[in-house]
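Enquirer: Below is the file target.cif, which contains mmCIF, C-alpha atoms and all ligand atoms.
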data_structure
#
loop_
_atom_site.label_atom_id
_atom_site.label_comp_id
_atom_site.auth_asym_id
_atom_site.auth_seq_id
_atom_site.Cartn_x
_atom_site.Cartn_y
_atom_site.Cartn_z
CA MET G 267 17.38 -1.09 -39.81
CA LYS G 268 17.27 0.32 -43.32
CA PRO G 269 16.83 4.08 -43.54
CA GLU G 270 13.56 5.34 -44.82
CA TYR G 271 13.59 7.33 -48.02
CA PHE G 272 11.09 9.87 -49.31
CA ARG G 273 8.66 8.40 -51.78
CA GLN G 274 6.90 10.06 -54.66
CA HIS G 275 4.20 11.69 -52.54
CA HIS G 276 6.77 13.10 -50.10
CA LYS G 277 8.69 14.51 -53.06
CA GLU G 278 5.58 16.21 -54.42
CA PHE G 279 5.21 18.05 -51.11
CA LEU G 280 8.90 18.90 -51.21
CA LYS G 281 8.61 20.43 -54.68
CA GLU G 282 5.70 22.57 -53.59
CA ALA G 283 7.43 23.63 -50.35
CA THR G 284 10.61 24.52 -52.26
CA VAL G 285 8.80 26.80 -54.73
CA ILE G 286 7.19 28.73 -51.87
CA ALA G 287 10.36 28.82 -49.74
CA GLU G 288 12.44 30.21 -52.62
CA GLU G 289 9.90 32.87 -53.40
CA VAL G 290 9.32 34.13 -49.86
CA THR G 291 13.03 34.06 -49.03
CA SER G 292 13.99 36.02 -52.17
CA ASP G 293 11.21 38.54 -51.44
CA PHE G 294 12.21 38.95 -47.83
CA PHE G 295 15.88 39.61 -48.61
CA LYS G 296 15.00 41.49 -51.81
CA LEU G 297 17.37 39.32 -53.80
CA SER G 298 17.86 39.88 -57.49
CA PRO G 299 17.87 36.87 -59.80
CA CYS G 300 21.62 37.34 -60.33
CA HIS G 301 22.22 36.79 -56.62
CA TRP G 302 21.65 33.10 -57.14
CA ARG G 303 24.18 33.01 -59.97
CA ARG G 304 26.91 33.74 -57.45
CA ALA G 305 25.51 31.47 -54.77
CA ARG G 306 24.06 28.45 -56.47
CA TYR G 307 22.41 25.67 -54.65
CA ASP G 308 20.42 22.58 -55.08
CA ILE G 309 18.31 20.49 -52.78
CA LEU G 310 18.86 16.75 -52.58
CA THR G 311 17.12 14.01 -50.70
CA LEU G 312 18.76 11.09 -48.92
CA GLU G 313 19.07 8.78 -51.92
CA ALA G 314 21.32 11.30 -53.72
CA LEU G 315 23.57 12.22 -50.78
CA ALA G 316 27.22 11.28 -50.38
CA ALA G 317 28.09 9.38 -47.20
CA GLU G 318 29.61 12.45 -45.54
CA GLU G 319 26.44 14.45 -46.18
CA ILE G 320 24.28 12.07 -44.18
CA SER G 321 23.53 12.88 -40.54
CA SER G 322 22.34 10.53 -37.84
CA HIS G 323 20.23 13.22 -36.13
CA ALA G 324 19.82 16.42 -38.20
CA LEU G 325 16.75 17.02 -40.34
CA ALA G 326 18.84 18.81 -42.96
CA LEU G 327 22.24 20.34 -43.40
CA VAL G 328 24.01 22.61 -45.85
CA ALA G 329 27.23 21.53 -47.55
CA LYS G 330 29.41 24.07 -49.36
CA TYR G 331 31.50 23.36 -52.43
CA ASP G 332 33.52 25.30 -54.99
CA GLY G 333 31.76 25.36 -58.30
CA ARG G 334 33.36 26.13 -61.63
CA HIS G 335 31.77 26.70 -64.97
CA LYS G 336 32.57 23.89 -67.37
CA ASP G 337 35.18 24.84 -69.98
CA ARG G 338 36.52 27.72 -67.82
CA LEU G 339 39.74 27.33 -65.90
CA LEU G 340 40.22 30.70 -64.29
CA ARG G 341 39.64 31.20 -60.59
CA SER G 342 37.41 34.13 -61.47
CA ALA G 343 35.05 31.64 -63.03
CA MET G 344 34.54 29.96 -59.66
CA PHE G 345 31.42 30.32 -57.61
CA ASP G 346 30.14 29.00 -54.30
CA PHE G 347 27.87 26.06 -54.54
CA TYR G 348 25.63 25.01 -51.69
CA ARG G 349 23.80 21.76 -51.31
CA VAL G 350 20.83 21.43 -49.02
CA CYS G 351 21.02 17.83 -47.85
CA LEU G 352 17.62 16.64 -46.65
CA GLN G 353 17.73 13.76 -44.21
CA ASP G 354 14.61 11.83 -45.18
CA HIS G 355 15.11 9.22 -42.47
CA ASN G 356 15.25 11.78 -39.64
CA ILE G 357 12.38 13.85 -41.01
CA LEU G 358 10.13 10.80 -41.27
CA LYS G 359 11.14 9.65 -37.79
CA THR G 360 10.38 13.09 -36.34
CA LEU G 361 6.95 13.10 -37.95
CA GLN G 362 6.21 9.77 -36.31
CA HIS G 363 7.37 10.80 -32.86
CA VAL G 364 6.28 14.39 -32.49
CA ASP G 365 2.57 15.10 -32.25
CA ASP G 366 1.00 17.82 -34.35
CA LEU G 367 3.77 17.99 -36.95
CA SER G 368 2.82 17.46 -40.55
CA LEU G 369 4.99 16.97 -43.56
CA PHE G 370 4.25 20.01 -45.72
CA PRO G 371 4.74 22.74 -43.09
CA LEU G 372 7.79 20.92 -41.72
CA LEU G 373 9.39 20.80 -45.19
CA LEU G 374 8.48 24.42 -45.78
CA TYR G 375 10.21 25.39 -42.55
CA ILE G 376 13.28 23.25 -43.23
CA VAL G 377 13.85 24.49 -46.79
CA THR G 378 13.27 28.14 -45.84
CA HIS G 379 15.62 27.80 -42.85
CA GLU G 380 18.39 26.30 -44.99
CA LEU G 381 17.93 28.98 -47.68
CA VAL G 382 18.27 31.66 -44.99
CA HIS G 383 21.61 30.07 -44.01
CA ILE G 384 22.72 30.14 -47.65
CA VAL G 385 21.70 33.78 -48.14
CA ARG G 386 23.59 34.79 -44.99
CA PHE G 387 26.70 32.82 -46.03
CA SER G 388 26.58 34.34 -49.50
CA GLN G 389 26.21 37.87 -48.13
CA PHE G 390 29.01 37.23 -45.64
CA LEU G 391 26.66 37.86 -42.71
CA ALA G 392 27.73 34.48 -41.41
CA LEU G 393 30.73 32.30 -42.06
CA TYR G 394 30.34 28.72 -43.18
CA GLU G 395 33.33 27.72 -41.08
CA SER G 396 32.86 29.45 -37.75
CA PRO G 397 33.57 28.50 -34.14
CA GLU G 398 31.03 26.47 -32.22
CA GLU G 399 29.88 29.33 -29.94
CA HIS G 400 29.04 31.51 -32.94
CA LYS G 401 27.06 28.71 -34.47
CA HIS G 402 24.50 28.63 -31.66
CA GLU G 403 23.93 32.34 -32.00
CA GLU G 404 23.63 32.00 -35.76
CA GLU G 405 21.07 29.20 -35.36
CA ARG G 406 18.94 31.43 -33.17
CA ARG G 407 19.15 34.26 -35.67
CA VAL G 408 18.29 32.02 -38.60
CA HIS G 409 15.35 30.59 -36.70
CA GLN G 410 14.02 34.09 -35.94
CA LEU G 411 14.38 35.15 -39.57
CA THR G 412 12.68 31.98 -40.76
CA GLN G 413 9.79 32.64 -38.40
CA LYS G 414 9.47 36.19 -39.65
CA ILE G 415 9.51 35.09 -43.29
CA LEU G 416 6.89 32.39 -42.79
CA ALA G 417 4.67 34.33 -40.38
CA ARG G 418 2.91 36.07 -43.25
CA LEU G 419 1.89 32.85 -44.92
CA PRO G 420 -1.50 31.33 -44.26
CA VAL G 421 -0.19 27.79 -44.05
CA ARG G 422 -2.17 25.41 -41.91
CA ASP G 423 -0.29 23.54 -39.23
CA LEU G 424 2.71 25.83 -39.32
CA PRO G 425 2.45 26.93 -35.63
CA PRO G 426 3.32 23.47 -34.22
CA VAL G 427 6.42 23.43 -36.44
CA MET G 428 7.45 26.83 -35.07
CA ARG G 429 6.95 25.64 -31.52
CA TYR G 430 9.00 22.53 -32.22
CA TYR G 431 11.88 24.64 -33.54
CA ASP G 432 11.55 27.18 -30.71
CA GLU G 433 12.29 24.42 -28.26
CA ARG G 434 15.14 22.95 -30.26
CA THR G 435 16.79 26.29 -30.85
CA GLN G 436 16.48 27.45 -27.26
CA GLY G 437 17.87 24.21 -25.99
CA GLY G 438 20.85 24.79 -28.26
CA LEU G 439 20.59 21.12 -29.08
CA GLN G 440 22.57 21.08 -32.22
CA TYR G 441 23.95 23.42 -34.60
CA ALA G 442 23.90 24.13 -38.21
CA ASN G 443 22.13 21.02 -38.67
CA LEU G 444 18.77 22.20 -37.53
ZN ZN G 501 20.21 25.92 -39.14
#
Can the structure from this file be put into structure tokens for me?
Expert:
Amino acid sequence: MKPEYFRQHHKEFLKEATVIAEEVTSDFFKLSPCHWRRARYDILTLEALAAEEISSHALALVAKYDGRHKDRLLRSAMFDFYRVCLQDHNILKTLQHVDDLSLFPLLLYIVTHELVHIVRFSQFLALYESPEEHKHEEERRVHQLTQKILARLPVRDLPPVMRYYDERTQGGLQYANL
């Protein structure tokens, strides 16, 4: 079966969710604009992902790369570059199979959650490469922070998304790829 990709209307929701997620996450962690110069990221959907960035089950994952400014060769000109890899096919499947979930709040949760991971990696509160047992704990922490960040927002249909993630996180189903 061919994977399902986001279409234009899904991408409109994603744009909107990303703007809100970036703002509330920066506010919550009191990040300065220069923080994101050291920890750059972008958010890609399935059609733009490399084969190794595609997951059969996760809704999203974060990949980490070394970035370097063009025309600069020194190591000091390097920076961390994170890519939020959205798994359109799994997100759309989840929306079909789980009652009460809707696209906008789910995307808002996913993007905020992945940004929390990136902030914690970039502040060395968590390591990108860490042993499996630490990853479960980190997932729980990231979920709690994401809940806290989003709790203040009057977004309709967010509670079912929280419940869905509560269950996944408690079950310790999968890591880093939540
Ligand atoms: Zn996660």
Enquirer: What residues of the protein or nucleic acid chains come within 12 Å of ligand ZN 501 (chain G) when you use only C-alpha atoms and all ligand atoms? Reply as JSON, numbers by chain.
Expert: {"G": [324, 325, 326, 327, 328, 329, 350, 351, 375, 376, 377, 378, 379, 380, 381, 382, 383, 384, 386, 387, 392, 394, 401, 402, 403, 404, 405, 406, 407, 408, 409, 410, 411, 412, 431, 434, 435, 438, 439, 440, 441, 442, 443, 444]}
Enquirer: Using all atoms listed in the file, can you tell me which of G:Pro269, G:Met428, G:His276, G:Pro299 comes closest to G:Ser322?
Expert: G:Pro269
Enquirer: Given the choices G:Leu374, G:Asp432, G:Glu313, G:Leu358, which gets closest to G:Val285 if the distance is worked out from all atoms listed in the file?
Expert: G:Leu374
Enquirer: One decimal, in Å: what's the spacing between atom CA of G:Thr291 and atom CA of G:Phe390?
Expert: 16.6 Å
Enquirer: Using all atoms listed in the file, can you tell me which of G:Ile320, G:Leu419, G:Val385, G:Leu367 comes closest to G:Ser298?
Expert: G:Val385
Enquirer: Can you measure atom CA of G:Gly333 to atom CA of G:Cys300 for me? One decimal in Å is fine.
Expert: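 Taking atom CA of G:Gly333 and atom CA of G:Cys300, their separation equals 15.8 Å.
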Enquirer: Which of these residues is nearest to G:Ile286, using all atoms listed in the file: G:Arg306, G:Pro397, G:Pro426, G:Leu373?
Expert: G:Leu373
Enquirer: What's the separation between atom CA of G:Asp354 and atom CA of G:Thr311, in Å to one decimal place?
Expert: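 Between these atoms lies a distance of 6.4 Å.
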Enquirer: When you count only C-alpha atoms, which of these residues is closest to G:Glu395: G:Lys330, G:Phe294, G:Phe370, G:Tyr271?
Expert: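 Among the listed residues, the smallest separation from G:Glu395 belongs to G:Lys330.
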Enquirer: Between G:Gln274, G:Val421, G:Leu315, G:Ile357, which is the closest to G:Leu369 once you count all atoms listed in the file?
Expert: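 Ranked by minimum distance to G:Leu369, first place goes to G:Ile357.
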Enquirer: Taking (21.6, 23.7, -59.0) in the file's coordinates, which residues come within 9 Å, counting only C-alpha atoms, written as a list in words?
Expert: Arg306, Tyr307, Asp308, Ile309, Phe347, Tyr348 and Arg349 of chain G
